[in-house]
Structure formats: C-alpha cells, structure tokens
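First comes the structure, then the notes that go with it.
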Amino acid sequence: MSDALGDRPYVPPPYPYDRLDKIKEIARRHSNGGIDLSIGAPSDPPPQSVIDAMSASGAERGYPPSIGTNAYREAAAEWLNRRTGTNLTAHDVRATVGSKEFVAGLPHYLKLRRPDLDTVLYPAVSYPSYAMGATLGHCRSVAVPVDENWRLRLDAIDPADADRALCLWINSPGNPTGAVEDLEAAARWGRGRGIPVFSDECYIEFTWQGPPASILQHGTDGVVAVHSLSKRSNLAGARAGVYAGDPELLEYLGETRKHAGFMVPGPMQHAGVVAFGDHDHVENQRLIYRARLERGITVLKERIGVDVPMPEGGFYLWAQAPERDSWAFAELLASELGIVTSPGDFYGGAATDHVRIAMVRDIS
C-alpha cells in the first residue's frame with residue numbers, strides 16, 4: 001500500500017522499462033541481435049484502410065471534440081455491441097487518448113468529484129499505471145490480493161479500505177497474467193458498496209478461453225469499461241481509445257476532461273471509425289498472436305526446460321522463474337534466446353518470481 005503524498009515533494013521512481021539496460025545488452029550479444037519482448041507494442045501493421053482514412057480525413061484543421069465525434073463514439077458502441085452483446089449507443093461512450101492516460105489520470109478526477117475519499121483499489125499483480133495513477137492523484141493505492149489463478153480476491157478487500165475507495169480497478173484479460181476475471185462479481189461488489197468499478201478491457205479481442213467479455217454485459221450502473229485501438233488494431237502510436245458505461249460518471253469525467261484539453265486527434269477519430277468497423281484484420285491478428293504464443297511455449301520448453309501455460313487471454317506468456325528470481329531468469333532468456341523480457345516485480349511485489357514475455361514478435 002502507498003499513502004497519499006501529503007506535503008512531501010514527489011520524486012518519480014525510475015520508469016520500469018528504463019531498468020532493462022543490462023538485459024538489453026546481454027540480448028544484443030546474441031546471434032539474433034536481441035528481440036525486445038518487454039513491452040506490449042504491436043509490431044504488425046494496422047489495416048491499410050485505417051491508414052488511408054487517417055490521411056484523407058481533412059480533420060487536422062480544427063479542434064476535435066474532446067468526448068469524441070458522434071461517428072467515433074457510435075462506431076465504438078456498435079463494435080462492443082457486436083462483440084459482447086451489449087446495447088450501447090454513442091451517448092454511452094466517450095473518447096480517451098489511448099487507455100494509459102485515462103488509467104493514470106482517473107484518480108485525480110475522481111478525487112475532485114469525491115474529495116472525502118482517497119483510495120484506489122487495484123490488483124496486486126497488474127499493470128503498474130493503476131498504482132501510479134493513485135500516486136499522481138495524491139491518493140492511497142491499495143493492492144487487492146489475487147488467488148492462485150491470478151484472479152482478484154474481492155473477499156480479501158479490507159472493509160476499512162473499501163470505505164475510503166474512490167474506485168476499484170479490474171483488468172480482464174489481465175496484464176501480465178492473462179487471467180479472465182469474473183466481471184459480474186466485480187460489478188456486484190462495487191454496486192453493493194457504492195464504489196465505481198473500472199474495467200480495463202484492452203485485450204478483450206485476444207481472449208482464448210471463451211468469448212470476449214465486458215463488465216457492461218451486466219449493466220452500466222456504477223461501472224465503466226475502458227478500451228483501446230492500440231492492441232486490437234496495432235495502433236499504439238495513434239493513441240485512441242474509449243471509455244463507456246455509467247451515465248453520471250461519463251458525464252462528469254467527459255466534462256472535466258474537456259477543460260484539461262484531452263482530445264483524440266481528428267484524423268485518428270476518423271480512422272477509428274474504420275478500425276472499429278472492421279473485424280477481419282482483428283481475426284487475422286488473433287491467428288498471429290495465437291501462433292506466437294504456442295511457438296513461445298514450445299521454445300521455452302525445448303530450449304530452456306520451462307513449462308509455461310497458455311494464457312486465458314492477452315498476448316503475454318507469464319513464465320515462472322526456475323529459481324524464483326525474475327531478474328536472473330530475464331538474464332538467462334536474454335543470453336540463451338536473445339530476447340528482452342519484463343521481470344515480474346514491474347507488476348507488483350507478489351510477482352517477483354515470474355517474467356512477462358510479450359509475444360509481439362516471432363522467436364526461434
């Protein structure tokens with residue numbers, strides 16, 4: 001748990017991926033020259049139709065609407081309806097500049113809304129921006145334990161922390177573990193306590209066990225789903241996503257964010273309409289990631305002697321270190337396979353015996 005800063009000056013910690021210089025140097029000495037699998041940055045191209053739409057939008061001349069154009073929000077709603085069976089309209093959706101800025105900035109805005117509360121609940125093994133967002137928003141971050149399958153243990157949340165909670169973050173499929181969560185249970189838990197639940201669903205298209213699932217399938221009251229075109233459509237550099245759900249939360253966040261100048265660039269909103277409307281390129285990408293995951297599992301078994309399970313979702317392999325030392329294992333992978341990976345402590349103190357391998361490129 002981290003406390004709010006109070007009157008102390010903020011000193012930023014080293015950015016996690018800036019700590020990998022030694023591992024990168026080891027990987028560079030390998031015959032393949034080093035393959036960076038530390039960050040989930042897509043390496044495959046986005047659809048040409050999306051690039052064409054971006055370059056021919058004519059939208060670069062004016063300021064785009066902060067909440068998103070009606071066409072962009074409508075396309076996102078229709079995509080979620082097709083994929084998950086929800087019944088959303090453009091009114092239920094707002095634009096965000098990728099998902100990371102929304103994750104990192106959310107506690108600040110929620111604390112403006114509820115200055116009597118100060119706590120962000122998030123999974124103990126998870127994307128580091130949930131905890132960092134709390135710090136940047138002068139809030140407490142409280143890690144919620146996960147079970148042996150890396151799923152959130154809602155029953156382990158201290159009632160005293162729940163009483164102070166601005167929100168609960170849930171991530172499904174999860175980064176780094178690939179776990180698929182019980183989203184209905186999370187929605188029920190939040191509604192029963194009046195705590196907004198924010199569901200990060202940016203890997204939803206790469207769900208390997210069962211169909212894609214959204215917390216919005218269980219209603220919008222008190223919940224918000226966050227989505228992105230970064231992974232789905234290989235558009236991480238374009239910074240375009242959406243959040244959808246509870247009308248009151250969307251109205252507050254959308255209106256507040258207008259004043260901060262958050263806007264998805266107009267050309268990207270135009271291109272996003274095309275991306276959300278096209279499923280063929282996503283299906284092709286699913287096949288690519290599935291093959292890479294399966295190949296990675298085989299290589300790790302044959303070359304390193306490590307058994308790694310197929311994730312329930314996402315495109316990361318979550319590998320346990322043979323000696324339970326994630327940094328030593330990351331160095332071994334760099335030396336033997338020439339790959340750069342992410343030690344588990346990037347994702348919380350409960351993950352120091354694992355390494356995350358982003359299968360965004362082929363390995364041999």
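Numbering starts fresh at 1 for the residues of each chain in the structure tokens, the chains themselves are lettered A, B, ... in the order given, and ligands are numbered from 1 as they appear.
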### Contacts of Asp155 (chain A) within 10 Å, only C-alpha atoms, excl. fewer than 3 positions in-chain, as a PyMOL selection string
chain A and resi 144-145+152+158-159+189
### Message
List as an MDAnalysis selection string the protein and nucleic acid residues near Asn284 (chain A), meaning an atom at most 12 Å away when only C-alpha atoms are counted, but skip any in the same chain fewer than 3 places from it.
### Response
chainID A and resid 44:47 205:206 232:234 278:281 287:291
Can you write just those residues out, C-alpha atoms, as a PDB file, in the first residue's frame?
```
ATOM      1  CA  ASP A  44       2.396  -5.907 -37.144  1.00  0.00           C
ATOM      2  CA  PRO A  45       0.901  -3.282 -39.464  1.00  0.00           C
ATOM      3  CA  PRO A  46      -2.563  -1.778 -38.994  1.00  0.00           C
ATOM      4  CA  PRO A  47      -5.060  -2.139 -41.839  1.00  0.00           C
ATOM      5  CA  GLU A 205     -10.222  -9.310 -28.637  1.00  0.00           C
ATOM      6  CA  PHE A 206      -7.486 -11.749 -27.646  1.00  0.00           C
ATOM      7  CA  ARG A 232      -6.845  -4.526 -31.257  1.00  0.00           C
ATOM      8  CA  SER A 233      -5.789  -2.699 -34.413  1.00  0.00           C
ATOM      9  CA  ASN A 234      -1.993  -2.260 -33.974  1.00  0.00           C
ATOM     10  CA  ASP A 278     -13.560  -3.906 -39.463  1.00  0.00           C
ATOM     11  CA  HIS A 279     -13.276  -7.292 -37.766  1.00  0.00           C
ATOM     12  CA  ASP A 280     -11.316  -9.153 -40.460  1.00  0.00           C
ATOM     13  CA  HIS A 281      -7.981  -7.585 -39.505  1.00  0.00           C
ATOM     14  CA  LEU A 287      -4.309 -16.074 -35.530  1.00  0.00           C
ATOM     15  CA  ILE A 288      -0.874 -14.449 -35.482  1.00  0.00           C
ATOM     16  CA  TYR A 289      -0.830 -13.996 -31.702  1.00  0.00           C
ATOM     17  CA  ARG A 290      -2.162 -17.490 -31.075  1.00  0.00           C
ATOM     18  CA  ALA A 291       0.614 -18.968 -33.215  1.00  0.00           C
TER      19      ALA A 291
END
```
Return as a tab-separated table the residues of region 114-187 of chain A lying at most 9 Å from region 325-347 of chain A, together with the closest atom-to-atom pair for each and the distance in Å to one decimal, counting only C-alpha atoms, with rows in chain order and ascending residue number.
```
residue	atom	partner	partner_atom	distance
A:Ala124	CA	A:Tyr347	CA	7.8
A:Val125	CA	A:Tyr347	CA	5.3
A:Ser126	CA	A:Tyr347	CA	5.0
A:Tyr127	CA	A:Tyr347	CA	5.8
A:Pro128	CA	A:Tyr347	CA	5.7
A:Asn175	CA	A:Tyr347	CA	8.6
A:Pro176	CA	A:Tyr347	CA	7.3
```
### Query
as number ranges by chain, which residues of region 113-355 of chain A does DSSP assign to strand (DSSP E or B)?
A: 119-123, 140-144, 146, 152, 165-171, 197-200, 207, 223-228, 241-245, 313, 316-320, 339-340, 342-343, 354-355
### Query
Which residues come within 7 Å of region 209-217 of chain A, counting only C-alpha atoms, excluding same-chain residues fewer than 6 positions away, as a VMD selection string?
chain A and resid 83 to 86 183 to 184 187 199 225 245 312 to 313
Generate a file of the selected residues that holds C-alpha atoms, formatted as a tab-separated table (two decimals), in the first residue's frame.
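Wrote it out as part07.tsv, contents follow:
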```
chain	number	residue	atom	x	y	z
A	83	ARG	CA	-18.58	-8.44	-29.79
A	84	THR	CA	-20.23	-8.68	-26.38
A	85	GLY	CA	-23.99	-8.37	-26.87
A	86	THR	CA	-24.31	-5.04	-25.07
A	183	LEU	CA	-16.73	-9.33	-14.17
A	184	GLU	CA	-20.27	-9.88	-12.95
A	187	ALA	CA	-19.84	-5.23	-10.77
A	199	SER	CA	-12.75	-2.47	-16.04
A	225	ALA	CA	-15.23	-0.23	-19.32
A	245	GLY	CA	-20.70	2.84	-19.05
A	312	GLU	CA	-6.63	-17.33	-20.84
A	313	GLY	CA	-6.31	-14.08	-22.76
```
Could you build a table of the residues in region 177-234 of chain A lying no more than 12 Å from region 111-122 of chain A, giving for each the nearest pair of atoms and their separation in Å rounded to one decimal place, using only C-alpha atoms, ordered by chain and ascending residue number, as JSON lines?
```
{"residue": "A:Ala186", "atom": "CA", "partner": "A:Tyr122", "partner_atom": "CA", "distance": 11.8}
{"residue": "A:Gly190", "atom": "CA", "partner": "A:Leu121", "partner_atom": "CA", "distance": 11.2}
{"residue": "A:Ile195", "atom": "CA", "partner": "A:Leu121", "partner_atom": "CA", "distance": 10.1}
{"residue": "A:Pro196", "atom": "CA", "partner": "A:Val120", "partner_atom": "CA", "distance": 10.4}
{"residue": "A:Val197", "atom": "CA", "partner": "A:Leu121", "partner_atom": "CA", "distance": 9.5}
{"residue": "A:Phe198", "atom": "CA", "partner": "A:Tyr122", "partner_atom": "CA", "distance": 9.7}
{"residue": "A:Ser199", "atom": "CA", "partner": "A:Tyr122", "partner_atom": "CA", "distance": 10.5}
{"residue": "A:Asp200", "atom": "CA", "partner": "A:Tyr122", "partner_atom": "CA", "distance": 11.0}
```
### Task
Work out how far apart CA of Leu235 (chain A) and CA of Lys100 (chain A) are and give it in Å to one decimal.
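It comes out at 13.5 Å.
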### Task
Could you check how far CA of Asp182 (chain A) sits from CA of Arg164 (chain A), in Å to one decimal?
23.3 Å
### Task
Rank nothing, just name the residue among A:Arg153, A:His270, A:Arg73, A:Lys24 nearest to Val50 (chain A), using only C-alpha atoms.
A:His270
### Task
Within 10 Å of Val306 (chain A), counting only C-alpha atoms, which residues show up once you throw out same-chain ones fewer than 6 positions away? Write them as a list of chain:residue names, please.
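In the requested format, the answer is A:Ile297, A:Thr298, A:Val299, A:Leu300, A:Ala319, A:Gln320, A:Ala321, A:Pro322.
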### Neighbour list for Glu255 (chain A) as a list of chain:residue names, cut-off 10 Å, only C-alpha atoms, skip fewer than 6 positions in-chain
A:Ser66, A:Ile67, A:Leu249
Include N, CA and C atoms and write out the residues we just selected as a PDB file, in the first residue's frame.
```
ATOM      1  N   SER A  66     -13.603  16.821 -27.551  1.00  0.00           N
ATOM      2  CA  SER A  66     -12.908  16.058 -26.525  1.00  0.00           C
ATOM      3  C   SER A  66     -13.602  14.733 -26.226  1.00  0.00           C
ATOM      4  N   ILE A  67     -14.916  14.731 -26.207  1.00  0.00           N
ATOM      5  CA  ILE A  67     -15.626  13.491 -25.880  1.00  0.00           C
ATOM      6  C   ILE A  67     -15.647  12.527 -27.061  1.00  0.00           C
ATOM      7  N   LEU A 249     -20.981   9.004 -14.326  1.00  0.00           N
ATOM      8  CA  LEU A 249     -19.522   9.019 -14.344  1.00  0.00           C
ATOM      9  C   LEU A 249     -19.008   9.534 -15.690  1.00  0.00           C
TER      10      LEU A 249
END
```
#### Entry: All helix (DSSP H, G or I) positions in region 47-194 of chain A, as a PyMOL selection string
chain A and resi 48-55+59-61+70-84+90-92+100-113+129-136+154-156+159-163+183-193
Write out the residues from the selection above, keeping C-alpha atoms, as a PDB file, in the first residue's frame.
```
ATOM      1  CA  GLN A  48      -4.276  -0.017 -44.879  1.00  0.00           C
ATOM      2  CA  SER A  49      -7.890   1.183 -44.901  1.00  0.00           C
ATOM      3  CA  VAL A  50      -7.318   2.757 -41.480  1.00  0.00           C
ATOM      4  CA  ILE A  51      -4.128   4.493 -42.621  1.00  0.00           C
ATOM      5  CA  ASP A  52      -5.941   5.756 -45.719  1.00  0.00           C
ATOM      6  CA  ALA A  53      -8.784   7.108 -43.604  1.00  0.00           C
ATOM      7  CA  MET A  54      -6.356   8.874 -41.298  1.00  0.00           C
ATOM      8  CA  SER A  55      -4.525  10.580 -44.136  1.00  0.00           C
ATOM      9  CA  ALA A  59      -9.913  16.754 -39.806  1.00  0.00           C
ATOM     10  CA  GLU A  60      -6.474  18.075 -38.957  1.00  0.00           C
ATOM     11  CA  ARG A  61      -7.538  21.715 -39.409  1.00  0.00           C
ATOM     12  CA  ASN A  70     -20.568  11.152 -32.759  1.00  0.00           C
ATOM     13  CA  ALA A  71     -19.318   8.874 -35.545  1.00  0.00           C
ATOM     14  CA  TYR A  72     -16.329   7.711 -33.466  1.00  0.00           C
ATOM     15  CA  ARG A  73     -18.416   7.033 -30.374  1.00  0.00           C
ATOM     16  CA  GLU A  74     -21.128   5.338 -32.396  1.00  0.00           C
ATOM     17  CA  ALA A  75     -18.576   3.071 -34.117  1.00  0.00           C
ATOM     18  CA  ALA A  76     -17.121   2.075 -30.746  1.00  0.00           C
ATOM     19  CA  ALA A  77     -20.578   1.357 -29.328  1.00  0.00           C
ATOM     20  CA  GLU A  78     -21.539  -0.750 -32.327  1.00  0.00           C
ATOM     21  CA  TRP A  79     -18.274  -2.701 -32.043  1.00  0.00           C
ATOM     22  CA  LEU A  80     -18.873  -3.502 -28.365  1.00  0.00           C
ATOM     23  CA  ASN A  81     -22.461  -4.472 -29.117  1.00  0.00           C
ATOM     24  CA  ARG A  82     -21.343  -6.873 -31.851  1.00  0.00           C
ATOM     25  CA  ARG A  83     -18.584  -8.437 -29.787  1.00  0.00           C
ATOM     26  CA  THR A  84     -20.233  -8.683 -26.376  1.00  0.00           C
ATOM     27  CA  ALA A  90     -22.899   6.834 -28.849  1.00  0.00           C
ATOM     28  CA  HIS A  91     -24.327   8.515 -25.726  1.00  0.00           C
ATOM     29  CA  ASP A  92     -22.811   5.730 -23.606  1.00  0.00           C
ATOM     30  CA  LYS A 100      -2.919   4.725 -20.309  1.00  0.00           C
ATOM     31  CA  GLU A 101      -3.581   8.438 -19.843  1.00  0.00           C
ATOM     32  CA  PHE A 102      -7.095   7.599 -18.678  1.00  0.00           C
ATOM     33  CA  VAL A 103      -5.819   4.997 -16.207  1.00  0.00           C
ATOM     34  CA  ALA A 104      -3.109   7.286 -14.826  1.00  0.00           C
ATOM     35  CA  GLY A 105      -5.316  10.376 -14.674  1.00  0.00           C
ATOM     36  CA  LEU A 106      -8.523   8.862 -13.330  1.00  0.00           C
ATOM     37  CA  PRO A 107      -7.802   9.100  -9.561  1.00  0.00           C
ATOM     38  CA  HIS A 108      -7.156  12.826  -9.858  1.00  0.00           C
ATOM     39  CA  TYR A 109     -10.559  13.412 -11.449  1.00  0.00           C
ATOM     40  CA  LEU A 110     -12.383  11.060  -9.107  1.00  0.00           C
ATOM     41  CA  LYS A 111     -10.893  12.833  -6.091  1.00  0.00           C
ATOM     42  CA  LEU A 112     -12.159  16.150  -7.446  1.00  0.00           C
ATOM     43  CA  ARG A 113     -15.590  14.523  -7.590  1.00  0.00           C
ATOM     44  CA  SER A 129      -0.224   2.526 -14.016  1.00  0.00           C
ATOM     45  CA  TYR A 130      -3.111   1.673 -11.671  1.00  0.00           C
ATOM     46  CA  ALA A 131      -0.927   2.278  -8.625  1.00  0.00           C
ATOM     47  CA  MET A 132       0.992   5.131 -10.254  1.00  0.00           C
ATOM     48  CA  GLY A 133      -2.261   6.901 -11.090  1.00  0.00           C
ATOM     49  CA  ALA A 134      -3.140   6.899  -7.407  1.00  0.00           C
ATOM     50  CA  THR A 135       0.234   8.392  -6.536  1.00  0.00           C
ATOM     51  CA  LEU A 136      -0.054  11.097  -9.184  1.00  0.00           C
ATOM     52  CA  LEU A 154     -12.742  -9.391  -3.727  1.00  0.00           C
ATOM     53  CA  ASP A 155     -13.292 -11.119  -0.378  1.00  0.00           C
ATOM     54  CA  ALA A 156      -9.809 -10.015   0.736  1.00  0.00           C
ATOM     55  CA  PRO A 159     -13.732  -3.016   4.685  1.00  0.00           C
ATOM     56  CA  ALA A 160     -11.796  -0.004   6.015  1.00  0.00           C
ATOM     57  CA  ASP A 161     -10.130   0.409   2.619  1.00  0.00           C
ATOM     58  CA  ALA A 162     -13.454  -0.072   0.837  1.00  0.00           C
ATOM     59  CA  ASP A 163     -14.945   2.717   2.948  1.00  0.00           C
ATOM     60  CA  LEU A 183     -16.731  -9.327 -14.175  1.00  0.00           C
ATOM     61  CA  GLU A 184     -20.271  -9.879 -12.948  1.00  0.00           C
ATOM     62  CA  ALA A 185     -18.953 -10.462  -9.427  1.00  0.00           C
ATOM     63  CA  ALA A 186     -16.858  -7.291  -9.622  1.00  0.00           C
ATOM     64  CA  ALA A 187     -19.844  -5.231 -10.767  1.00  0.00           C
ATOM     65  CA  ARG A 188     -21.973  -6.689  -7.980  1.00  0.00           C
ATOM     66  CA  TRP A 189     -19.290  -5.989  -5.373  1.00  0.00           C
ATOM     67  CA  GLY A 190     -18.966  -2.349  -6.434  1.00  0.00           C
ATOM     68  CA  ARG A 191     -22.702  -1.683  -6.627  1.00  0.00           C
ATOM     69  CA  GLY A 192     -23.245  -3.187  -3.198  1.00  0.00           C
ATOM     70  CA  ARG A 193     -20.822  -0.655  -1.707  1.00  0.00           C
TER      71      ARG A 193
END
```
### Task
Check the smallest atom-to-atom distance from each of A:Val264, A:Met1, A:Leu253, A:Leu168 to Thr69 (chain A) using only C-alpha atoms, then report the winner.
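Closest to Thr69 (chain A), using only C-alpha atoms: A:Val264.
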### Task
Show which residues sit within 6 Å of Pro173 (chain A), as a list in words. Count only C-alpha atoms, and ignore same-chain residues fewer than 5 positions away.
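With the cut-off at 6 Å, the set is Gly178, Ala179, Val180, Tyr203, Gly313 and Gly314 of chain A.
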### Message
Rounded to one decimal, what separation in Å do you get between CA of Asp246 (chain A) and CA of Val93 (chain A)?
### Response
9.4 Å
As a PDB file with C-alpha atoms, in the first residue's frame, please: the residues near Val360 (chain A) (cut-off 9 Å, only C-alpha atoms, same-chain neighbours under 3 positions excluded).
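Here's the written file around16.pdb:
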```pdb
ATOM      1  CA  ASP A  36      12.536  -6.765 -27.485  1.00  0.00           C
ATOM      2  CA  LEU A  37       9.595  -8.598 -25.947  1.00  0.00           C
ATOM      3  CA  ILE A  39       6.741  -4.040 -23.946  1.00  0.00           C
ATOM      4  CA  GLY A  40       3.405  -4.973 -25.493  1.00  0.00           C
ATOM      5  CA  ALA A  41       3.970  -2.728 -28.503  1.00  0.00           C
ATOM      6  CA  PRO A  42       2.480  -4.268 -31.663  1.00  0.00           C
ATOM      7  CA  SER A  43       4.935  -4.958 -34.474  1.00  0.00           C
ATOM      8  CA  ASP A  44       2.396  -5.907 -37.144  1.00  0.00           C
ATOM      9  CA  TYR A 289      -0.830 -13.996 -31.702  1.00  0.00           C
ATOM     10  CA  ARG A 292       3.264 -16.846 -31.482  1.00  0.00           C
ATOM     11  CA  PHE A 315      -0.623 -11.978 -25.840  1.00  0.00           C
ATOM     12  CA  TYR A 316       1.768 -12.361 -22.916  1.00  0.00           C
ATOM     13  CA  ILE A 357       7.116 -12.185 -22.316  1.00  0.00           C
TER      14      ILE A 357
END
```
### Task
Considering only C-alpha atoms, state which residue in the set A:Pro65, A:Gly348, A:Gly98, A:Pro13 is at the smallest distance from Ser228 (chain A).
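Nearest candidate to Ser228 (chain A) out of A:Pro65, A:Gly348, A:Gly98, A:Pro13: A:Gly98.
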